[in-house]
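For reference, coords-v9.csv (CSV, C-alpha atoms):
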chain,number,residue,atom,x,y,z
W,152,MET,CA,13.3,4.1,-20.0
W,153,PRO,CA,10.9,4.7,-17.2
W,154,LEU,CA,7.3,5.0,-18.3
W,155,ILE,CA,5.3,6.6,-15.5
W,156,LEU,CA,1.6,6.4,-15.6
W,157,CYS,CA,-0.5,8.9,-13.7
W,158,HIS,CA,-4.1,7.9,-13.4
W,159,SER,CA,-6.8,8.2,-10.8
W,160,PRO,CA,-10.2,6.5,-10.9
W,161,LYS,CA,-11.7,9.7,-9.5
W,162,GLY,CA,-11.7,13.0,-11.4
W,163,GLY,CA,-10.6,16.2,-9.7
W,164,ALA,CA,-7.9,14.4,-7.8
W,165,SER,CA,-5.1,16.6,-9.1
W,166,THR,CA,-3.8,14.1,-11.6
W,167,THR,CA,-2.7,16.6,-14.1
W,168,PHE,CA,-1.1,18.7,-11.4
W,169,THR,CA,0.7,15.6,-10.2
W,170,ALA,CA,1.8,14.5,-13.6
W,171,SER,CA,3.0,17.9,-14.5
W,172,HIS,CA,5.1,18.5,-11.4
W,173,LEU,CA,6.4,14.9,-11.5
W,174,ALA,CA,7.7,15.6,-15.0
W,175,ILE,CA,9.2,18.9,-13.7
W,176,GLY,CA,10.8,17.1,-10.7
W,177,LEU,CA,12.3,14.4,-12.8
W,178,SER,CA,13.6,16.9,-15.4
W,179,GLY,CA,15.9,18.2,-12.8
W,180,MET,CA,17.8,14.9,-12.9
W,181,ASP,CA,20.7,14.6,-15.2
W,182,GLY,CA,19.6,11.4,-16.9
W,183,SER,CA,22.9,9.7,-16.1
W,184,ASP,CA,21.1,6.9,-14.4
W,185,GLY,CA,18.4,6.6,-17.0
W,186,ILE,CA,16.0,8.9,-15.1
W,187,GLY,CA,15.4,12.4,-16.0
W,188,GLY,CA,17.2,13.9,-19.0
W,189,ASP,CA,14.9,13.6,-21.9
W,190,ILE,CA,11.4,14.0,-20.5
W,191,THR,CA,8.1,13.8,-22.4
W,192,LEU,CA,4.8,14.6,-20.7
W,193,LEU,CA,2.0,13.1,-22.7
W,194,THR,CA,-1.5,13.9,-21.8
W,195,LEU,CA,-4.4,11.8,-23.1
W,196,SER,CA,-7.2,14.1,-22.0
W,197,GLN,CA,-9.5,15.7,-24.5
W,198,SER,CA,-9.9,18.7,-22.3
W,199,ASP,CA,-6.4,19.3,-21.2
W,200,MET,CA,-5.2,21.8,-18.7
W,201,THR,CA,-1.5,20.8,-18.9
W,202,PRO,CA,-0.3,24.0,-20.5
W,203,LEU,CA,-1.6,26.0,-17.5
W,204,HIS,CA,0.6,24.1,-15.1
W,205,PHE,CA,3.6,25.2,-17.1
W,206,GLY,CA,2.6,28.9,-17.2
W,207,LEU,CA,1.4,28.7,-20.8
W,208,PRO,CA,-1.9,30.3,-22.0
W,209,PRO,CA,-4.9,28.0,-22.3
W,210,ALA,CA,-5.0,28.6,-26.0
W,211,GLN,CA,-1.6,26.9,-26.4
W,212,ARG,CA,-2.1,23.7,-28.4
W,213,LEU,CA,0.1,20.8,-27.7
W,214,PRO,CA,1.4,18.8,-30.6
W,215,ALA,CA,0.3,15.3,-31.2
W,216,PHE,CA,2.4,12.5,-30.0
W,217,GLY,CA,3.7,11.7,-33.5
W,218,ALA,CA,4.1,15.3,-34.6
W,219,ALA,CA,7.5,16.5,-36.0
W,220,ILE,CA,10.1,17.7,-33.6
W,221,GLU,CA,9.7,21.2,-35.1
W,222,ALA,CA,6.2,21.4,-33.7
W,223,ALA,CA,7.4,20.5,-30.2
W,224,VAL,CA,6.4,22.6,-27.2
W,225,LEU,CA,9.3,22.5,-24.8
W,226,VAL,CA,9.1,24.0,-21.3
W,227,SER,CA,12.0,23.6,-18.9
W,228,GLY,CA,13.4,20.9,-21.1
W,229,ILE,CA,10.1,18.9,-21.0
W,230,SER,CA,8.4,18.0,-24.3
W,231,LEU,CA,4.7,18.5,-23.9
W,232,ARG,CA,2.5,16.3,-26.1
W,233,CYS,CA,-1.1,15.3,-26.3
W,234,GLU,CA,-3.0,12.3,-27.7
W,235,PRO,CA,-6.6,12.9,-26.9
W,236,PHE,CA,-7.9,10.0,-28.9
W,237,ALA,CA,-5.4,7.3,-27.8
W,238,ALA,CA,-8.3,5.2,-26.3
W,239,GLN,CA,-9.7,4.7,-29.8
W,240,ASP,CA,-6.3,4.0,-31.3
W,241,PRO,CA,-5.6,0.2,-31.2
W,242,ASP,CA,-2.0,1.0,-32.3
W,243,PHE,CA,-1.3,3.4,-29.6
W,244,LEU,CA,1.0,1.1,-27.7
W,245,ALA,CA,2.8,0.1,-30.9
W,246,ARG,CA,3.3,3.8,-31.7
W,247,LEU,CA,4.8,4.3,-28.2
W,248,ASP,CA,7.1,1.5,-29.0
W,249,ASP,CA,8.0,2.8,-32.4
W,250,GLY,CA,8.8,6.1,-30.8
W,251,GLY,CA,11.3,4.4,-28.7
W,252,PHE,CA,9.4,5.0,-25.5
W,253,LEU,CA,9.1,1.4,-24.6
W,254,ALA,CA,12.6,0.3,-25.5
W,255,ALA,CA,14.7,-0.9,-22.6
W,256,ASP,CA,17.7,1.0,-23.7
W,257,SER,CA,16.0,4.3,-24.4
W,258,ALA,CA,17.2,7.3,-22.4
W,259,ARG,CA,13.8,8.9,-22.5
W,260,THR,CA,11.4,9.2,-19.6
W,261,LEU,CA,7.7,9.3,-20.5
W,262,VAL,CA,5.1,10.6,-18.0
W,263,ILE,CA,1.6,9.8,-19.2
W,264,ASP,CA,-1.4,11.6,-17.8
W,265,VAL,CA,-4.5,9.4,-18.3
W,266,PRO,CA,-7.8,11.0,-17.4
W,267,ALA,CA,-10.2,9.4,-14.9
W,268,GLY,CA,-12.7,8.6,-17.6
W,269,GLU,CA,-10.3,6.3,-19.4
W,270,PRO,CA,-9.8,3.3,-17.1
W,271,ALA,CA,-9.5,0.8,-19.9
W,272,LEU,CA,-6.7,2.8,-21.5
W,273,ALA,CA,-4.9,3.0,-18.1
W,274,SER,CA,-5.2,-0.7,-17.8
W,275,ARG,CA,-3.6,-1.2,-21.2
W,276,LEU,CA,-0.7,1.0,-20.2
W,277,MET,CA,-0.3,-0.3,-16.7
W,278,PRO,CA,1.7,-3.4,-17.5
W,279,HIS,CA,4.3,-1.3,-19.4
W,280,ALA,CA,4.7,1.3,-16.6
W,281,ALA,CA,7.5,1.3,-14.2
W,282,VAL,CA,5.3,3.1,-11.7
W,283,HIS,CA,1.6,3.9,-11.6
W,284,ILE,CA,0.9,7.0,-9.6
W,285,CYS,CA,-2.7,7.1,-8.4
W,286,PRO,CA,-3.8,10.5,-6.9
W,287,LEU,CA,-6.7,10.4,-4.5
W,288,THR,CA,-8.3,13.0,-2.3
W,289,ALA,CA,-9.0,12.7,1.4
W,290,SER,CA,-12.7,12.6,0.7
W,291,PRO,CA,-15.5,10.1,1.2
W,292,ASP,CA,-15.9,9.4,-2.5
W,293,CYS,CA,-12.2,8.4,-2.9
W,294,LEU,CA,-12.4,6.5,0.3
W,295,ALA,CA,-15.3,4.5,-0.9
W,296,LEU,CA,-13.3,3.5,-3.9
W,297,LEU,CA,-10.6,1.9,-1.8
W,298,PRO,CA,-11.9,-1.7,-1.8
W,299,GLN,CA,-12.3,-1.6,-5.6
W,300,LEU,CA,-8.8,-0.1,-6.0
W,301,LEU,CA,-7.2,-2.8,-3.8
W,302,GLU,CA,-9.1,-5.5,-5.6
W,303,GLN,CA,-7.9,-4.2,-9.0
W,304,ASP,CA,-4.4,-3.8,-7.6
W,305,GLU,CA,-4.4,-7.4,-6.5
W,306,ALA,CA,-5.9,-8.7,-9.7
W,307,THR,CA,-3.1,-7.0,-11.7
W,308,GLU,CA,-0.4,-7.9,-9.3
W,309,GLY,CA,0.0,-4.1,-9.1
W,310,SER,CA,2.9,-3.8,-6.9
W,311,GLY,CA,3.9,-0.8,-8.9
W,312,THR,CA,0.8,1.3,-7.9
W,313,ALA,CA,1.7,4.2,-5.6
W,314,TYR,CA,-0.9,6.4,-4.1
W,315,VAL,CA,-0.8,10.1,-3.5
W,316,ILE,CA,-3.2,12.0,-1.3
W,317,GLY,CA,-3.8,15.3,-3.0
W,318,LYS,CA,-5.5,18.5,-1.9
W,319,LEU,CA,-5.2,17.5,1.7
W,320,ASP,CA,-6.7,20.1,4.0
W,321,GLU,CA,-5.7,19.0,7.5
W,322,THR,CA,-7.7,21.8,9.1
W,323,ARG,CA,-10.7,19.8,8.3
W,324,ARG,CA,-11.6,17.0,10.7
W,325,LEU,CA,-13.1,14.7,8.1
W,326,ALA,CA,-10.1,15.1,5.8
W,327,ARG,CA,-7.7,14.2,8.6
W,328,HIS,CA,-9.7,11.1,9.5
W,329,VAL,CA,-10.1,10.0,5.9
W,330,ALA,CA,-6.3,10.4,5.4
W,331,ALA,CA,-5.6,8.5,8.5
W,332,PHE,CA,-7.9,5.7,7.4
W,333,MET,CA,-6.2,5.6,4.0
W,334,ARG,CA,-2.8,5.5,5.6
W,335,GLU,CA,-3.9,2.5,7.7
W,336,VAL,CA,-5.3,0.6,4.7
W,337,LEU,CA,-2.7,1.5,2.1
W,338,GLY,CA,0.4,1.8,4.3
W,339,ASP,CA,3.6,2.3,2.4
W,340,LYS,CA,1.7,2.4,-0.9
W,341,ILE,CA,1.0,6.1,-0.1
W,342,ILE,CA,4.1,7.8,-1.1
W,343,ALA,CA,3.2,11.4,-0.6
W,344,LYS,CA,0.5,13.8,0.6
W,345,ILE,CA,0.1,17.1,-1.2
W,346,ARG,CA,-1.4,19.8,0.9
W,347,GLN,CA,-4.3,21.9,-0.2
W,348,ASP,CA,-2.7,25.2,-1.3
W,349,GLN,CA,-4.5,28.2,-2.7
W,350,SER,CA,-1.3,29.3,-4.5
W,351,VAL,CA,-1.9,26.4,-7.0
W,352,PRO,CA,-5.0,27.8,-8.6
W,353,GLU,CA,-3.6,31.3,-8.1
W,354,ALA,CA,-0.5,30.4,-10.2
W,355,LEU,CA,-2.8,29.0,-12.9
W,356,ALA,CA,-4.8,32.2,-12.9
W,357,MET,CA,-1.6,34.2,-13.1
W,358,LEU,CA,-0.3,32.1,-16.0
W,359,GLN,CA,2.8,31.4,-14.1
W,360,PRO,CA,4.5,28.2,-13.1
W,361,LEU,CA,3.9,27.5,-9.4
W,362,SER,CA,7.6,27.6,-8.7
W,363,ARG,CA,7.8,31.2,-9.9
W,364,TYR,CA,4.5,32.4,-8.5
W,365,ALA,CA,4.9,30.8,-5.1
W,366,PRO,CA,8.3,29.3,-4.5
W,367,ALA,CA,7.4,28.8,-0.8
W,368,SER,CA,4.2,26.9,-1.7
W,369,ALA,CA,3.4,24.0,0.6
W,370,ALA,CA,2.0,22.0,-2.3
W,371,LEU,CA,5.1,22.7,-4.4
W,372,ALA,CA,7.3,21.4,-1.5
W,373,ASP,CA,5.1,18.3,-1.2
W,374,VAL,CA,5.1,17.5,-4.9
W,375,ARG,CA,8.9,17.9,-5.1
W,376,GLN,CA,9.2,15.4,-2.3
W,377,MET,CA,6.9,13.1,-4.2
W,378,ALA,CA,9.2,13.3,-7.3
W,379,ASP,CA,12.2,12.4,-5.1
W,380,VAL,CA,10.3,9.3,-3.8
W,381,VAL,CA,9.3,8.3,-7.4
W,382,ARG,CA,12.9,8.7,-8.4
W,383,GLY,CA,14.0,6.4,-5.6
W,384,MET,CA,11.4,3.8,-6.7
W,385,LEU,CA,12.8,4.0,-10.3
W,386,GLU,CA,16.3,3.6,-9.1
W,387,MET,CA,15.6,0.3,-7.3
W,388,PRO,CA,17.4,-2.7,-8.5
W,389,ALA,CA,14.2,-4.4,-9.5
W,390,SER,CA,13.6,-1.5,-12.0
W,391,ALA,CA,17.2,-1.4,-13.3
W,392,ASP,CA,15.9,-2.7,-16.6
W,393,PRO,CA,12.2,-1.7,-16.4
W,394,GLY,CA,11.6,-2.2,-20.1
W,395,GLN,CA,12.5,-5.8,-19.9
W,396,THR,CA,9.6,-7.9,-20.6
W,397,ASP,CA,8.9,-11.5,-19.6
W,398,SER,CA,8.7,-14.4,-22.0
W,399,ASP,CA,5.3,-13.5,-23.4
W,400,GLY,CA,6.3,-9.9,-23.8
W,401,ALA,CA,3.9,-8.6,-21.3
W,402,ALA,CA,4.8,-6.7,-18.2
W,403,PRO,CA,8.2,-5.4,-17.1
W,404,THR,CA,9.3,-5.9,-13.6
W,405,ARG,CA,8.0,-3.1,-11.3
W,406,PRO,CA,9.3,-1.9,-8.0
W,407,ALA,CA,7.1,-2.0,-4.9
W,408,PRO,CA,5.9,1.5,-3.9
W,409,GLY,CA,7.2,2.7,-0.7
W,410,ALA,CA,10.1,0.3,-0.7
W,411,SER,CA,12.4,3.2,-1.2
W,412,ARG,CA,10.2,5.7,0.4
W,413,ALA,CA,11.8,8.5,2.2
W,414,ALA,CA,11.6,8.1,5.9
S,1326,MET,CA,1.1,34.3,-1.4
S,1327,ARG,CA,0.1,37.4,0.5
S,1328,ALA,CA,2.8,39.7,1.5
S,1329,ASP,CA,2.0,39.5,5.2
S,1330,ALA,CA,2.2,35.7,5.1
S,1331,ARG,CA,5.5,35.8,3.2
S,1332,SER,CA,6.8,38.3,5.7
S,1333,LEU,CA,5.8,36.1,8.6
S,1334,LEU,CA,7.4,33.0,7.0
S,1335,ASP,CA,10.6,35.0,6.5
S,1336,ARG,CA,10.7,36.0,10.1
S,1337,LEU,CA,10.1,32.4,11.2
S,1338,GLY,CA,12.7,31.1,8.7
S,1339,ARG,CA,10.2,28.7,7.3
S,1340,SER,CA,9.1,28.0,3.8
S,1341,ASP,CA,5.6,26.9,4.7
S,1342,PHE,CA,3.2,26.2,7.5
S,1343,ALA,CA,2.2,22.8,8.7
S,1344,TYR,CA,-1.2,22.6,10.3
S,1345,LYS,CA,-1.4,20.7,13.6
S,1346,GLU,CA,-4.4,20.3,15.8
S,1347,PHE,CA,-4.3,19.0,19.3
S,1348,ALA,CA,-8.0,18.3,19.9
S,1349,ASP,CA,-10.1,15.5,18.5
S,1350,ARG,CA,-9.4,12.5,20.7
S,1351,PHE,CA,-10.5,9.5,18.8
S,1352,SER,CA,-12.4,8.2,21.8
S,1353,ASP,CA,-14.5,11.4,21.7
S,1354,LEU,CA,-15.5,11.0,18.1
S,1355,GLU,CA,-18.1,9.1,16.5
S,1356,LEU,CA,-16.9,6.5,14.0
S,1357,TRP,CA,-18.0,7.8,10.6
S,1358,PRO,CA,-20.5,5.3,9.2
S,1359,LEU,CA,-18.5,5.2,6.0
S,1360,PHE,CA,-15.5,3.9,8.0
S,1361,GLU,CA,-17.7,1.3,9.6
S,1362,ALA,CA,-19.1,0.2,6.2
S,1363,LEU,CA,-15.6,-0.1,4.8
S,1364,LEU,CA,-14.3,-2.0,7.8
S,1365,LYS,CA,-16.8,-4.7,6.9
S,1366,ASP,CA,-15.5,-5.0,3.4
S,1367,PRO,CA,-13.2,-8.0,3.2
S,1368,ARG,CA,-11.4,-6.6,0.1
S,1369,LEU,CA,-9.7,-4.1,2.4
S,1370,PHE,CA,-8.0,-6.7,4.4
S,1371,THR,CA,-6.6,-9.1,1.8
S,1372,GLN,CA,-3.4,-7.0,1.5
S,1373,GLU,CA,-0.3,-7.1,3.6
S,1374,ILE,CA,-2.0,-5.2,6.4
S,1375,ALA,CA,-3.7,-8.4,7.3
S,1376,ALA,CA,-0.4,-10.1,7.7
S,1377,ALA,CA,0.9,-7.3,9.7
S,1378,ALA,CA,-2.2,-7.4,11.9
S,1379,ASP,CA,-1.8,-11.1,12.4
S,1380,MET,CA,1.8,-10.6,13.6
S,1381,ALA,CA,0.9,-7.8,15.8
S,1382,ALA,CA,-2.2,-9.3,17.4
S,1383,GLY,CA,-2.4,-12.7,18.9
S,1384,ALA,CA,-5.4,-14.8,18.2
S,1385,ASN,CA,-7.1,-14.0,21.5
S,1386,GLU,CA,-5.4,-10.8,22.2
S,1387,ALA,CA,-7.7,-8.2,23.8
S,1388,VAL,CA,-7.8,-4.7,22.4
S,1389,SER,CA,-5.4,-2.7,24.6
S,1390,SER,CA,-6.0,0.9,23.5
S,1391,PRO,CA,-7.5,3.1,26.2
S,1392,ALA,CA,-10.1,4.4,23.8
S,1393,ILE,CA,-11.4,1.0,22.8
S,1394,ALA,CA,-11.0,-0.5,26.3
S,1395,GLY,CA,-12.9,2.4,27.7
S,1396,ALA,CA,-15.6,1.9,25.2
S,1397,ARG,CA,-15.8,-1.7,26.0
S,1398,THR,CA,-16.1,-1.3,29.8
S,1399,ALA,CA,-18.7,1.4,29.4
S,1400,GLU,CA,-21.3,-1.2,28.4
S,1401,PRO,CA,-21.2,-5.0,28.7
S,1402,ALA,CA,-21.0,-7.0,25.6
S,1403,PRO,CA,-24.1,-8.6,24.2
S,1404,PRO,CA,-24.3,-12.4,23.9
S,1405,PRO,CA,-21.9,-13.2,21.1
S,1406,PRO,CA,-23.1,-16.2,19.0
S,1407,PRO,CA,-25.6,-14.7,16.4
S,1408,PRO,CA,-23.5,-12.9,13.9
S,1409,ALA,CA,-24.4,-9.3,13.3
S,1410,PRO,CA,-26.0,-8.7,9.9
S,1411,LEU,CA,-24.5,-6.2,7.6
S,1412,ARG,CA,-26.4,-3.0,8.4
S,1413,ALA,CA,-26.8,0.1,6.4
S,1414,PRO,CA,-24.8,3.1,7.5
S,1415,GLN,CA,-26.5,4.9,10.3
S,1416,PRO,CA,-26.5,8.6,11.2
S,1417,SER,CA,-23.7,9.7,13.5
S,1418,GLY,CA,-24.5,9.0,17.1
S,1419,ALA,CA,-27.1,6.4,16.4
S,1420,GLU,CA,-24.8,3.8,17.9
S,1421,THR,CA,-22.5,4.3,20.8
S,1422,LEU,CA,-18.8,3.5,20.4
S,1423,ALA,CA,-19.1,0.7,23.0
S,1424,GLU,CA,-21.9,-0.9,21.0
S,1425,LEU,CA,-19.9,-0.7,17.9
S,1426,PHE,CA,-16.8,-2.3,19.3
S,1427,ASN,CA,-18.8,-4.9,21.1
S,1428,ARG,CA,-20.5,-5.8,17.9
S,1429,TYR,CA,-17.1,-6.3,16.3
S,1430,GLU,CA,-16.2,-8.6,19.2
S,1431,ALA,CA,-19.4,-10.5,18.7
S,1432,GLU,CA,-18.5,-11.0,15.1
S,1433,ALA,CA,-15.1,-12.2,16.1
S,1434,SER,CA,-16.6,-15.1,18.1
S,1435,GLY,CA,-19.4,-15.8,15.7
S,1436,THR,CA,-19.2,-17.0,12.1
S,1437,THR,CA,-17.0,-14.1,10.9
S,1438,PRO,CA,-13.5,-15.3,10.1
S,1439,GLN,CA,-11.1,-14.7,13.0
S,1440,ARG,CA,-8.7,-13.0,10.7
S,1441,HIS,CA,-11.2,-10.4,9.7
S,1442,ALA,CA,-12.0,-9.7,13.3
S,1443,GLN,CA,-8.3,-9.3,14.2
S,1444,ASP,CA,-7.9,-6.9,11.3
S,1445,VAL,CA,-10.7,-4.7,12.5
S,1446,ARG,CA,-9.4,-4.6,16.0
S,1447,ALA,CA,-5.9,-3.9,14.7
S,1448,MET,CA,-7.2,-1.1,12.6
S,1449,LEU,CA,-9.1,0.5,15.4
S,1450,ARG,CA,-6.2,0.1,17.8
S,1451,ARG,CA,-3.9,1.8,15.4
S,1452,LEU,CA,-6.3,4.6,14.8
S,1453,SER,CA,-6.5,5.1,18.5
S,1454,GLU,CA,-2.7,5.0,18.8
S,1455,LEU,CA,-2.4,7.6,16.1
S,1456,ASP,CA,-4.8,9.8,18.1
S,1457,ALA,CA,-2.8,9.3,21.3
S,1458,ARG,CA,0.3,10.5,19.4
S,1459,GLY,CA,-1.6,13.4,18.1
S,1460,GLU,CA,-1.2,12.3,14.5
S,1461,LEU,CA,-4.8,11.8,13.7
Will you turn the file into structure tokens for me?
Amino acid sequence: MPLILCHSPKGGASTTFTASHLAIGLSGMDGSDGIGGDITLLTLSQSDMTPLHFGLPPAQRLPAFGAAIEAAVLVSGISLRCEPFAAQDPDFLARLDDGGFLAADSARTLVIDVPAGEPALASRLMPHAAVHICPLTASPDCLALLPQLLEQDEATEGSGTAYVIGKLDETRRLARHVAAFMREVLGDKIIAKIRQDQSVPEALAMLQPLSRYAPASAALADVRQMADVVRGMLEMPASADPGQTDSDGAAPTRPAPGASRAA
Amino acid sequence: MRADARSLLDRLGRSDFAYKEFADRFSDLELWPLFEALLKDPRLFTQEIAAAADMAAGANEAVSSPAIAGARTAEPAPPPPPPAPLRAPQPSGAETLAELFNRYEAEASGTTPQRHAQDVRAMLRRLSELDARGEL
């Protein structure tokens, strides 16, 4: 059971886009190795745009995490759910466990999209995540957060945090320099860069999935590559039993980002 | 995607374009003051990059990149002992590149930990190498 946490400390860093396309990328797997197969994308945002990334109208309401299977919204085999008040729910983790999402032998893959405004919730989920995907943008505000991020990463022994540079516009000098600086500091912890691509908002406006609206989209190619890298991280021996907890029942073993990174 | 862009991609047999720019030598650029401020933050260099820098750079190794070496020779280094105080970011161009690198060197021989100084030099060297390879 891989639980994949998508959370950025900075809003507007394409976290929902990343989480959505990560779920889509993993849903293409057959699930025989415990990855892919039964995929649930759970968004914890109160103003959620997840349906748009799947070509659904904005009025589409996603069922709550605990809603009956009959209420499920399934797109490309992915069950879309929302839990906008998870931060106020002290039993949220217990409910995840009750739903079988934290069980070591579960065949389910859960991708959780945690909004930037809920860092405490992300911290609660992080020990249970096989991978934490942290999207950043190549901008000064994200760059200024790097010391804080690295400090938190070290404090939580967060070897499972992997960074993604989103909305990267390499025609801009500052963006190139910031991305180069980030690569120098974060090294292999950066598992992907996703290029700025106007076809992404255009697909949203067309109410179409990006893969249908712009199959040649640069951002689509990048995010698919990212999903492959994440899959490689999940397949590492260290994560063979990612739900296994230590003696005090806290954190499962997590793989190091970039350890299985594509060359 | 616009039809003309799709047509061009089809003719090229490509699925997308990758932007590449060949200008912007690092030595010709000002160091962004934000970069300078971050380079002084010790939290950046407690990760494995510090270990890598330690392995790559000897304790007294001189910075070898042409950009940085050029910047050094352009202006002699000031007397090293007094450690440079942490300064607020300045507007671009307020400090020459040579002054900036010389100040890092002064910090290296002052009270700033040697490890930190090596990290800064390693960072700048790598940025310059990236620029030389056209990857910046």
*Which residue of S:Arg1339, S:Arg1450, S:Arg1368, S:Arg1331 approaches chain W most closely, using all atoms listed in the file*: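 Counting all atoms listed in the file, the residue closest to chain W is S:Arg1368.
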*Pull out every residue of chain W sitting within 6 Å of chain S, counting only C-alpha atoms, and send them as a PyMOL selection string.*
chain W and resi 298+367+369
*Please provide as a ChimeraX atom specification all residues within 12 Å of Glu353 of chain W, with the sequence filter that same-chain residues fewer than 2 positions apart are discarded (counting all atoms listed in the file).*
/W:203-204,206,348-351,355-365,368 /S:1326-1327
*Using all atoms listed in the file, which residue out of W:Ile342, W:Ala271, W:Ala245, W:Leu207 lies closest to Leu287 of chain W?*
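That would be W:Ile342, the residue with the smallest distance to Leu287 of chain W.
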*Work out how far apart atom CA of Leu225 of chain W and atom CA of Thr191 of chain W are and give it in Å to one decimal.*
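If I compute the distance from atom CA of Leu225 of chain W to atom CA of Thr191 of chain W, I get 9.1 Å.
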*To one decimal in Å, tell me the separation between atom CA of Pro202 of chain W and atom CA of Ser159 of chain W.*
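Going from atom CA of Pro202 of chain W over to atom CA of Ser159 of chain W covers 19.6 Å.
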*Nearest to Asp292 of chain W: which of W:Pro160, W:Pro241, W:Pro278, W:Gly338 is it, counting all atoms listed in the file?*
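Using all atoms listed in the file, Asp292 of chain W sits closest to W:Pro160.
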_Report, in Å with one decimal, the straight-line distance from atom CA of Ser171 of chain W to atom CA of Asp264 of chain W._
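Computing the Euclidean distance for atom CA of Ser171 of chain W and atom CA of Asp264 of chain W yields 8.4 Å.
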*Just the residues within 9 Å of Ala223 of chain W, please, counting all atoms listed in the file, with nothing from its chain fewer than 6 positions along; format it as a ChimeraX atom specification.*
/W:213-215,230-232
_Close residues, Thr288 of chain W itself excluded, 8 Å, only C-alpha atoms, min 2 positions apart in chain, as a PyMOL selection string_ = chain W and resi 164+286+290+293+316-319
*Quick one: residues within 7 Å of Asp189 of chain W, only C-alpha atoms counted, chain neighbours fewer than 5 positions away excluded, as an MDAnalysis selection string?*
chainID W and resid 258:260
